[in-house]
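Raw target.pdb, PDB, C-alpha atoms, pLDDT in the B column:
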```
ATOM      1  CA  MET A1404     -63.683 158.130 114.981  1.00 75.00           C
ATOM      2  CA  LEU A1405     -63.685 154.549 113.679  1.00 83.00           C
ATOM      3  CA  TRP A1406     -67.450 154.325 113.911  1.00 85.00           C
ATOM      4  CA  THR A1407     -67.891 157.664 112.133  1.00 88.00           C
ATOM      5  CA  GLU A1408     -65.693 156.549 109.247  1.00 88.00           C
ATOM      6  CA  LEU A1409     -67.443 153.184 108.995  1.00 86.00           C
ATOM      7  CA  LYS A1410     -70.898 154.711 109.218  1.00 85.00           C
ATOM      8  CA  ASP A1411     -70.176 156.991 106.269  1.00 87.00           C
ATOM      9  CA  MET A1412     -69.744 153.907 104.080  1.00 89.00           C
ATOM     10  CA  PHE A1413     -73.266 152.597 104.663  1.00 85.00           C
ATOM     11  CA  THR A1414     -76.882 153.663 104.424  1.00 85.00           C
ATOM     12  CA  PHE A1415     -78.932 152.123 107.202  1.00 84.00           C
ATOM     13  CA  PRO A1416     -82.523 151.015 106.549  1.00 88.00           C
ATOM     14  CA  GLU A1417     -85.196 152.954 108.371  1.00 87.00           C
ATOM     15  CA  GLY A1418     -85.828 151.697 111.888  1.00 88.00           C
ATOM     16  CA  VAL A1419     -82.394 150.133 112.419  1.00 87.00           C
ATOM     17  CA  ASP A1420     -81.020 150.671 115.919  1.00 89.00           C
ATOM     18  CA  GLU A1421     -77.655 152.246 115.147  1.00 88.00           C
ATOM     19  CA  GLU A1422     -76.407 151.756 118.705  1.00 89.00           C
ATOM     20  CA  ILE A1423     -76.692 147.987 118.322  1.00 88.00           C
ATOM     21  CA  VAL A1424     -74.880 148.127 114.972  1.00 88.00           C
ATOM     22  CA  LYS A1425     -72.202 150.371 116.478  1.00 89.00           C
ATOM     23  CA  LYS A1426     -71.632 148.041 119.421  1.00 88.00           C
ATOM     24  CA  CYS A1427     -71.312 145.013 117.149  1.00 86.00           C
ATOM     25  CA  ALA A1428     -69.027 146.826 114.701  1.00 88.00           C
ATOM     26  CA  LEU A1429     -66.668 148.082 117.410  1.00 89.00           C
ATOM     27  CA  ARG A1430     -66.497 144.603 118.917  1.00 87.00           C
ATOM     28  CA  LYS A1431     -65.519 143.160 115.539  1.00 89.00           C
ATOM     29  CA  MET A1432     -62.937 145.915 115.071  1.00 91.00           C
ATOM     30  CA  ALA A1433     -61.392 145.196 118.459  1.00 90.00           C
ATOM     31  CA  LEU A1434     -61.164 141.487 117.660  1.00 89.00           C
ATOM     32  CA  ALA A1435     -59.617 142.178 114.251  1.00 91.00           C
ATOM     33  CA  PHE A1436     -57.063 144.571 115.771  1.00 92.00           C
ATOM     34  CA  SER A1437     -56.141 142.069 118.474  1.00 91.00           C
ATOM     35  CA  THR A1438     -55.658 139.337 115.863  1.00 93.00           C
ATOM     36  CA  PHE A1439     -53.580 141.690 113.711  1.00 94.00           C
ATOM     37  CA  LYS A1440     -51.231 142.469 116.622  1.00 93.00           C
ATOM     38  CA  LYS A1441     -50.826 138.788 117.458  1.00 91.00           C
ATOM     39  CA  LYS A1442     -49.847 137.980 113.873  1.00 94.00           C
ATOM     40  CA  LEU A1443     -47.552 140.991 113.700  1.00 93.00           C
ATOM     41  CA  PHE A1444     -45.691 139.786 116.770  1.00 92.00           C
ATOM     42  CA  ALA A1445     -45.585 136.104 115.805  1.00 93.00           C
ATOM     43  CA  ASN A1446     -44.545 136.658 112.186  1.00 94.00           C
ATOM     44  CA  TYR A1447     -42.130 139.543 112.629  1.00 93.00           C
ATOM     45  CA  ALA A1448     -41.169 140.858 116.086  1.00 91.00           C
ATOM     46  CA  LYS A1449     -40.689 137.414 117.598  1.00 90.00           C
ATOM     47  CA  LYS A1450     -38.506 136.386 114.649  1.00 92.00           C
ATOM     48  CA  ASP A1451     -36.586 139.674 114.706  1.00 91.00           C
ATOM     49  CA  LYS A1452     -37.865 140.523 111.236  1.00 92.00           C
ATOM     50  CA  GLU A1453     -39.443 143.677 109.870  1.00 92.00           C
ATOM     51  CA  PRO A1454     -42.679 143.774 107.875  1.00 93.00           C
ATOM     52  CA  ASN A1455     -42.775 145.040 104.321  1.00 93.00           C
ATOM     53  CA  TRP A1456     -43.383 148.707 105.044  1.00 93.00           C
ATOM     54  CA  GLY A1457     -44.848 149.142 101.604  1.00 93.00           C
ATOM     55  CA  ASP A1458     -47.733 146.926 102.724  1.00 92.00           C
ATOM     56  CA  LEU A1459     -47.957 148.314 106.271  1.00 92.00           C
ATOM     57  CA  PRO A1460     -46.904 151.976 106.160  1.00 93.00           C
ATOM     58  CA  GLN A1461     -49.279 152.860 109.007  1.00 93.00           C
ATOM     59  CA  VAL A1462     -47.425 150.509 111.361  1.00 93.00           C
ATOM     60  CA  LYS A1463     -43.897 151.797 110.781  1.00 93.00           C
ATOM     61  CA  PRO A1464     -44.044 154.844 113.121  1.00 94.00           C
ATOM     62  CA  TYR A1465     -45.038 152.578 116.015  1.00 94.00           C
ATOM     63  CA  TRP A1466     -42.937 149.520 115.181  1.00 94.00           C
ATOM     64  CA  GLU A1467     -40.021 149.987 117.570  1.00 93.00           C
ATOM     65  CA  GLU A1468     -42.290 150.840 120.484  1.00 94.00           C
ATOM     66  CA  PHE A1469     -44.537 147.865 119.703  1.00 92.00           C
ATOM     67  CA  LYS A1470     -41.603 145.473 119.419  1.00 91.00           C
ATOM     68  CA  GLN A1471     -39.969 146.780 122.592  1.00 92.00           C
ATOM     69  CA  TYR A1472     -43.134 146.251 124.606  1.00 92.00           C
ATOM     70  CA  LYS A1473     -43.980 142.806 123.188  1.00 91.00           C
ATOM     71  CA  LEU A1474     -40.470 141.557 123.985  1.00 90.00           C
ATOM     72  CA  SER A1475     -40.431 143.089 127.470  1.00 91.00           C
ATOM     73  CA  GLU A1476     -40.555 140.998 130.639  1.00 89.00           C
ATOM     74  CA  ASP A1477     -43.986 142.384 131.532  1.00 89.00           C
ATOM     75  CA  ALA A1478     -45.489 141.330 128.210  1.00 88.00           C
ATOM     76  CA  GLN A1479     -43.848 137.914 128.361  1.00 86.00           C
ATOM     77  CA  GLU A1480     -45.138 137.374 131.892  1.00 88.00           C
ATOM     78  CA  LEU A1481     -48.677 138.285 130.832  1.00 86.00           C
ATOM     79  CA  SER A1482     -48.411 135.881 127.920  1.00 84.00           C
ATOM     80  CA  GLU A1483     -47.212 133.021 130.114  1.00 85.00           C
ATOM     81  CA  ASN A1484     -49.967 133.677 132.653  1.00 82.00           C
ATOM     82  CA  GLY A1485     -52.526 133.599 129.862  1.00 77.00           C
ATOM     83  CA  LYS A1486     -51.229 130.261 128.610  1.00 77.00           C
ATOM     84  CA  LEU A1487     -51.263 128.856 132.141  1.00 76.00           C
ATOM     85  CA  ASN A1488     -54.830 129.996 132.762  1.00 70.00           C
ATOM     86  CA  ALA A1489     -55.943 128.485 129.469  1.00 68.00           C
ATOM     87  CA  SER A1490     -54.302 125.157 130.287  1.00 67.00           C
ATOM     88  CA  ASN A1491     -55.992 125.096 133.700  1.00 64.00           C
ATOM     89  CA  LYS A1492     -59.446 125.739 132.305  1.00 68.00           C
ATOM     90  CA  LYS A1493     -61.508 122.657 133.035  1.00 72.00           C
ATOM     91  CA  TYR A1494     -64.748 123.483 131.235  1.00 71.00           C
ATOM     92  CA  ASN A1495     -64.990 124.996 127.780  1.00 70.00           C
ATOM     93  CA  HIS A1496     -68.128 126.431 126.255  1.00 69.00           C
ATOM     94  CA  HIS A1497     -69.132 125.333 122.763  1.00 65.00           C
ATOM     95  CA  LEU A1498     -71.319 128.129 121.465  1.00 68.00           C
ATOM     96  CA  GLY A1499     -69.967 129.227 118.105  1.00 61.00           C
ATOM     97  CA  SER A1500     -69.544 132.807 116.952  1.00 57.00           C
ATOM     98  CA  ALA A1501     -73.032 133.900 118.065  1.00 59.00           C
ATOM     99  CA  TRP A1502     -72.126 133.125 121.693  1.00 70.00           C
ATOM    100  CA  TYR A1503     -75.009 132.980 124.192  1.00 75.00           C
ATOM    101  CA  LYS A1504     -77.551 135.145 122.390  1.00 76.00           C
ATOM    102  CA  LYS A1505     -78.372 132.653 119.642  1.00 82.00           C
ATOM    103  CA  ALA A1506     -77.718 129.581 121.775  1.00 87.00           C
ATOM    104  CA  ILE A1507     -80.254 130.584 124.428  1.00 90.00           C
ATOM    105  CA  ARG A1508     -83.012 130.797 121.819  1.00 90.00           C
ATOM    106  CA  LYS A1509     -82.110 127.285 120.664  1.00 91.00           C
ATOM    107  CA  TRP A1510     -82.149 125.929 124.221  1.00 92.00           C
ATOM    108  CA  GLN A1511     -85.466 127.602 124.986  1.00 93.00           C
ATOM    109  CA  LYS A1512     -86.967 126.001 121.889  1.00 94.00           C
ATOM    110  CA  MET A1513     -85.622 122.603 122.972  1.00 94.00           C
ATOM    111  CA  GLU A1514     -87.394 122.976 126.321  1.00 94.00           C
ATOM    112  CA  GLN A1515     -90.581 124.284 124.743  1.00 94.00           C
ATOM    113  CA  ASP A1516     -90.727 121.393 122.276  1.00 95.00           C
ATOM    114  CA  LEU A1517     -90.737 118.996 125.219  1.00 95.00           C
ATOM    115  CA  MET A1518     -93.357 121.007 127.090  1.00 94.00           C
ATOM    116  CA  ASP A1519     -95.569 121.010 123.991  1.00 94.00           C
ATOM    117  CA  ARG A1520     -95.517 117.207 124.208  1.00 94.00           C
ATOM    118  CA  ASP A1521     -96.479 117.334 127.899  1.00 95.00           C
ATOM    119  CA  ILE A1522     -92.952 116.409 128.973  1.00 95.00           C
ATOM    120  CA  ARG A1523     -91.555 118.612 131.712  1.00 94.00           C
ATOM    121  CA  PRO A1524     -87.761 118.920 131.430  1.00 94.00           C
ATOM    122  CA  VAL A1525     -86.015 118.140 134.702  1.00 93.00           C
ATOM    123  CA  ILE A1526     -84.148 121.417 134.303  1.00 91.00           C
ATOM    124  CA  TRP A1527     -87.177 123.599 133.579  1.00 90.00           C
ATOM    125  CA  ASP A1528     -87.107 125.476 136.906  1.00 91.00           C
ATOM    126  CA  PHE A1529     -83.325 125.616 137.340  1.00 93.00           C
ATOM    127  CA  PRO A1530     -81.810 129.095 137.740  1.00 92.00           C
ATOM    128  CA  GLU A1531     -81.083 130.362 134.249  1.00 91.00           C
ATOM    129  CA  ARG A1532     -77.378 130.918 134.912  1.00 90.00           C
ATOM    130  CA  SER A1533     -77.003 127.290 135.938  1.00 92.00           C
ATOM    131  CA  LYS A1534     -79.165 126.015 133.103  1.00 92.00           C
ATOM    132  CA  TRP A1535     -77.375 127.945 130.356  1.00 92.00           C
ATOM    133  CA  TRP A1536     -73.965 126.964 131.725  1.00 92.00           C
ATOM    134  CA  LEU A1537     -74.852 123.272 131.571  1.00 93.00           C
ATOM    135  CA  PHE A1538     -76.174 123.533 128.028  1.00 92.00           C
ATOM    136  CA  ALA A1539     -73.096 125.518 126.959  1.00 90.00           C
ATOM    137  CA  ASN A1540     -70.923 122.670 128.207  1.00 90.00           C
ATOM    138  CA  ASP A1541     -72.605 119.972 126.101  1.00 90.00           C
ATOM    139  CA  VAL A1542     -75.244 118.857 128.604  1.00 93.00           C
ATOM    140  CA  THR A1543     -78.558 118.362 126.804  1.00 94.00           C
ATOM    141  CA  LEU A1544     -82.061 116.981 127.335  1.00 95.00           C
ATOM    142  CA  ASN A1545     -83.349 113.511 126.583  1.00 95.00           C
ATOM    143  CA  GLN A1546     -86.094 114.049 124.027  1.00 94.00           C
ATOM    144  CA  GLU A1547     -88.056 111.072 125.343  1.00 94.00           C
ATOM    145  CA  ASP A1548     -88.435 111.984 129.009  1.00 95.00           C
ATOM    146  CA  GLY A1549     -86.785 115.395 129.548  1.00 94.00           C
ATOM    147  CA  SER A1550     -83.992 114.047 131.740  1.00 95.00           C
ATOM    148  CA  LEU A1551     -80.449 115.361 131.572  1.00 94.00           C
ATOM    149  CA  VAL A1552     -77.975 113.794 129.172  1.00 95.00           C
ATOM    150  CA  VAL A1553     -74.592 114.489 130.729  1.00 94.00           C
ATOM    151  CA  PRO A1554     -71.184 113.869 129.102  1.00 92.00           C
ATOM    152  CA  HIS A1555     -68.744 111.913 131.226  1.00 92.00           C
ATOM    153  CA  GLN A1556     -66.484 114.908 131.911  1.00 90.00           C
ATOM    154  CA  MET A1557     -69.468 116.884 133.220  1.00 92.00           C
ATOM    155  CA  GLU A1558     -70.949 114.262 135.536  1.00 93.00           C
ATOM    156  CA  GLU A1559     -69.375 115.483 138.776  1.00 93.00           C
ATOM    157  CA  VAL A1560     -70.142 119.173 138.369  1.00 93.00           C
ATOM    158  CA  ALA A1561     -73.662 118.444 137.071  1.00 93.00           C
ATOM    159  CA  ARG A1562     -74.331 116.270 140.114  1.00 94.00           C
ATOM    160  CA  ASP A1563     -72.977 118.951 142.454  1.00 95.00           C
ATOM    161  CA  LEU A1564     -75.075 121.598 140.725  1.00 94.00           C
ATOM    162  CA  VAL A1565     -78.278 119.580 141.098  1.00 94.00           C
ATOM    163  CA  THR A1566     -77.421 119.063 144.778  1.00 94.00           C
ATOM    164  CA  ALA A1567     -76.855 122.797 145.286  1.00 93.00           C
ATOM    165  CA  ILE A1568     -80.187 123.618 143.634  1.00 94.00           C
ATOM    166  CA  GLU A1569     -81.996 121.063 145.812  1.00 94.00           C
ATOM    167  CA  GLU A1570     -80.343 122.480 148.943  1.00 93.00           C
ATOM    168  CA  ALA A1571     -81.452 125.966 147.913  1.00 92.00           C
ATOM    169  CA  ARG A1572     -85.029 124.726 147.542  1.00 92.00           C
ATOM    170  CA  GLU A1573     -84.867 123.073 150.965  1.00 93.00           C
ATOM    171  CA  GLY A1574     -83.442 126.204 152.551  1.00 91.00           C
ATOM    172  CA  THR A1575     -80.206 124.584 153.724  1.00 92.00           C
ATOM    173  CA  PHE A1576     -78.213 126.675 151.244  1.00 90.00           C
ATOM    174  CA  HIS A1577     -78.878 130.349 150.627  1.00 89.00           C
ATOM    175  CA  PRO A1578     -77.613 131.407 147.184  1.00 86.00           C
ATOM    176  CA  GLN A1579     -76.063 134.840 146.953  1.00 81.00           C
ATOM    177  CA  ARG A1580     -74.843 136.835 143.994  1.00 69.00           C
ATOM    178  CA  GLU A1581     -71.249 135.612 143.891  1.00 75.00           C
ATOM    179  CA  ASN A1582     -71.985 132.400 145.773  1.00 83.00           C
ATOM    180  CA  ASP A1583     -74.938 130.936 143.944  1.00 89.00           C
ATOM    181  CA  GLU A1584     -75.695 127.350 142.962  1.00 92.00           C
ATOM    182  CA  LEU A1585     -73.338 127.342 139.990  1.00 91.00           C
ATOM    183  CA  THR A1586     -70.406 128.811 141.892  1.00 90.00           C
ATOM    184  CA  ARG A1587     -70.983 126.304 144.692  1.00 90.00           C
ATOM    185  CA  ALA A1588     -70.908 123.421 142.221  1.00 91.00           C
ATOM    186  CA  LEU A1589     -67.773 124.711 140.502  1.00 88.00           C
ATOM    187  CA  LYS A1590     -66.104 125.205 143.895  1.00 83.00           C
ATOM    188  CA  ASN A1591     -64.484 128.447 142.840  1.00 70.00           C
ATOM    189  CA  PRO A1592     -65.447 132.055 143.583  1.00 59.00           C
ATOM    190  CA  GLU A1593     -66.765 134.453 140.994  1.00 51.00           C
ATOM    191  CA  HIS A1594     -64.337 136.783 139.282  1.00 48.00           C
ATOM    192  CA  PRO A1595     -64.767 140.100 141.115  1.00 45.00           C
ATOM    193  CA  ARG A1596     -66.378 141.751 138.094  1.00 44.00           C
ATOM    194  CA  ARG A1597     -67.675 138.947 135.858  1.00 46.00           C
ATOM    195  CA  THR A1598     -70.147 136.109 136.134  1.00 48.00           C
ATOM    196  CA  HIS A1599     -70.100 132.476 135.073  1.00 50.00           C
ATOM    197  CA  SER A1600     -72.436 131.394 132.315  1.00 51.00           C
ATOM    198  CA  ILE A1601     -73.378 134.707 130.738  1.00 49.00           C
ATOM    199  CA  SER A1602     -69.825 135.319 129.764  1.00 47.00           C
ATOM    200  CA  MET A1603     -68.285 138.749 130.266  1.00 42.00           C
ATOM    201  CA  VAL A1604     -71.455 140.132 131.848  1.00 47.00           C
ATOM    202  CA  PRO A1605     -70.797 142.432 134.823  1.00 47.00           C
ATOM    203  CA  TRP A1606     -72.322 141.553 138.185  1.00 43.00           C
ATOM    204  CA  LYS A1607     -74.459 144.694 138.202  1.00 48.00           C
ATOM    205  CA  VAL A1608     -76.168 143.490 135.011  1.00 45.00           C
ATOM    206  CA  ASP A1609     -76.459 139.765 135.636  1.00 50.00           C
ATOM    207  CA  TRP A1610     -77.698 140.254 139.209  1.00 46.00           C
ATOM    208  CA  ALA A1611     -79.685 143.423 138.657  1.00 50.00           C
ATOM    209  CA  GLY A1612     -82.247 143.884 141.388  1.00 50.00           C
ATOM    210  CA  ASP A1613     -80.631 141.472 143.829  1.00 52.00           C
ATOM    211  CA  SER A1614     -80.855 143.242 147.186  1.00 51.00           C
ATOM    212  CA  SER A1615     -78.817 140.645 149.057  1.00 49.00           C
ATOM    213  CA  TYR A1616     -75.390 141.872 147.997  1.00 46.00           C
ATOM    214  CA  LYS A1617     -73.230 143.199 150.843  1.00 50.00           C
ATOM    215  CA  THR A1618     -76.056 143.202 153.343  1.00 51.00           C
ATOM    216  CA  HIS A1619     -76.521 141.862 156.839  1.00 48.00           C
ATOM    217  CA  ARG A1620     -78.829 139.229 155.378  1.00 54.00           C
ATOM    218  CA  LYS A1621     -76.069 138.000 153.081  1.00 54.00           C
ATOM    219  CA  LYS A1622     -73.572 137.747 155.938  1.00 57.00           C
ATOM    220  CA  LYS A1623     -76.036 135.829 158.099  1.00 56.00           C
ATOM    221  CA  ALA A1624     -76.809 133.462 155.219  1.00 59.00           C
ATOM    222  CA  GLU A1625     -73.105 132.747 154.774  1.00 59.00           C
ATOM    223  CA  GLN A1626     -72.795 131.942 158.472  1.00 56.00           C
ATOM    224  CA  ASP A1627     -75.820 129.633 158.288  1.00 58.00           C
ATOM    225  CA  ASN A1628     -74.276 127.804 155.327  1.00 57.00           C
ATOM    226  CA  LYS A1629     -71.012 127.277 157.211  1.00 53.00           C
ATOM    227  CA  ILE A1630     -72.850 125.947 160.256  1.00 51.00           C
ATOM    228  CA  HIS A1631     -74.879 123.581 158.077  1.00 55.00           C
ATOM    229  CA  ALA A1632     -71.694 122.294 156.423  1.00 55.00           C
ATOM    230  CA  LEU A1633     -70.271 121.397 159.842  1.00 50.00           C
ATOM    231  CA  GLN A1634     -73.333 119.448 160.937  1.00 49.00           C
TER     232      GLN A1634
END
```

Produce structure tokens that represent the structure in this file.
Amino acid sequence: MLWTELKDMFTFPEGVDEEIVKKCALRKMALAFSTFKKKLFANYAKKDKEPNWGDLPQVKPYWEEFKQYKLSEDAQELSENGKLNASNKKYNHHLGSAWYKKAIRKWQKMEQDLMDRDIRPVIWDFPERSKWWLFANDVTLNQEDGSLVVPHQMEEVARDLVTAIEEAREGTFHPQRENDELTRALKNPEHPRRTHSISMVPWKVDWAGDSSYKTHRKKKAEQDNKIHALQ
């Protein structure tokens, strides 16, 4: 319904993929609605005040239900858990509003510029998930020799990631979908439906075509990794 109403306000140029426009528009709508609800709670419900219904007549029929839920124990618990998770987050991406899509093009150009000068970046054959995650967390490339330039707060995880990649090359570590080089370096398991680096991308998309998931080969590889760790 929202998309239909919005679409009626515009005339799309010939050749425009409306599905892409629709997806972007609905994402923006969802963000705007979420922000609106946060402000509504912070400015009114939390302060036990009512909005000016002349400005927000569409909200009035749902106000009591909205306020009751936002002040409930369940909602407060979710809010506190969210704050706790945010405070525990060790690494924060710095990508801007375009998120990964635009950033990846910039990073690819940075690598290509070095290659055009016959300088092979040390990261050129890293798994893309690992590479993009490093770049998103302020790791960059030295434009003189292609080596990694690592901020102090990223030194440990960058070192562990390089080690995991080297072990994978040597065959002493067998990366799997939710236990790949990046997850090993971060020392925390993947969220059961999302992947590190390409934020909010489901496993079935980010690891499309990976035949190792939930197979005998995966189980054997995990056992081999444990044995190697004990040696």

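Candidate residues A:Lys1440, A:Lys1410, A:Arg1572, A:Lys1431 were compared for distance to Asp1528 in chain A, and the nearest is A:Arg1572, using all atoms listed in the file.
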
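Atom to atom, CA of Arg1587 in chain A and CA of Gly1574 in chain A stand 14.7 Å apart.
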
For Ala1567 in chain A, find every residue with an atom within 7 Å (counting all atoms listed in the file), except residues of its own chain fewer than 4 positions away, and show them as number ranges by chain. A: 1563, 1571, 1584, 1587-1588

How about saving the chosen residues, C-alpha atoms kept, as a PDB file, in the coordinates of the input?
```pdb
ATOM      1  CA  ASP A1563     -72.977 118.951 142.454  1.00 95.00           C
ATOM      2  CA  ALA A1571     -81.452 125.966 147.913  1.00 92.00           C
ATOM      3  CA  GLU A1584     -75.695 127.350 142.962  1.00 92.00           C
ATOM      4  CA  ARG A1587     -70.983 126.304 144.692  1.00 90.00           C
ATOM      5  CA  ALA A1588     -70.908 123.421 142.221  1.00 91.00           C
TER       6      ALA A1588
END
```

Just want the 9 Å neighbourhood of Ile1526 in chain A, counted on all atoms listed in the file, with same-chain residues fewer than 4 positions away dropped. Output as a list in words. Glu1514, Pro1530, Lys1534, Leu1544, Gly1549, Ser1550 and Leu1551 of chain A

Selection from above, C-alpha atoms, as a JSON list (two decimals), in the coordinates of the input, can you write it?
```json
[["chain", "number", "residue", "atom", "x", "y", "z"],
["A", 1514, "GLU", "CA", -87.39, 122.98, 126.32],
["A", 1530, "PRO", "CA", -81.81, 129.10, 137.74],
["A", 1534, "LYS", "CA", -79.17, 126.02, 133.10],
["A", 1544, "LEU", "CA", -82.06, 116.98, 127.34],
["A", 1549, "GLY", "CA", -86.78, 115.40, 129.55],
["A", 1550, "SER", "CA", -83.99, 114.05, 131.74],
["A", 1551, "LEU", "CA", -80.45, 115.36, 131.57]]
```

With distances taken over all atoms listed in the file, which residue among A:Leu1443, A:Leu1409, A:Val1565, A:Ala1433 lies nearest Asn1455 in chain A? A:Leu1443
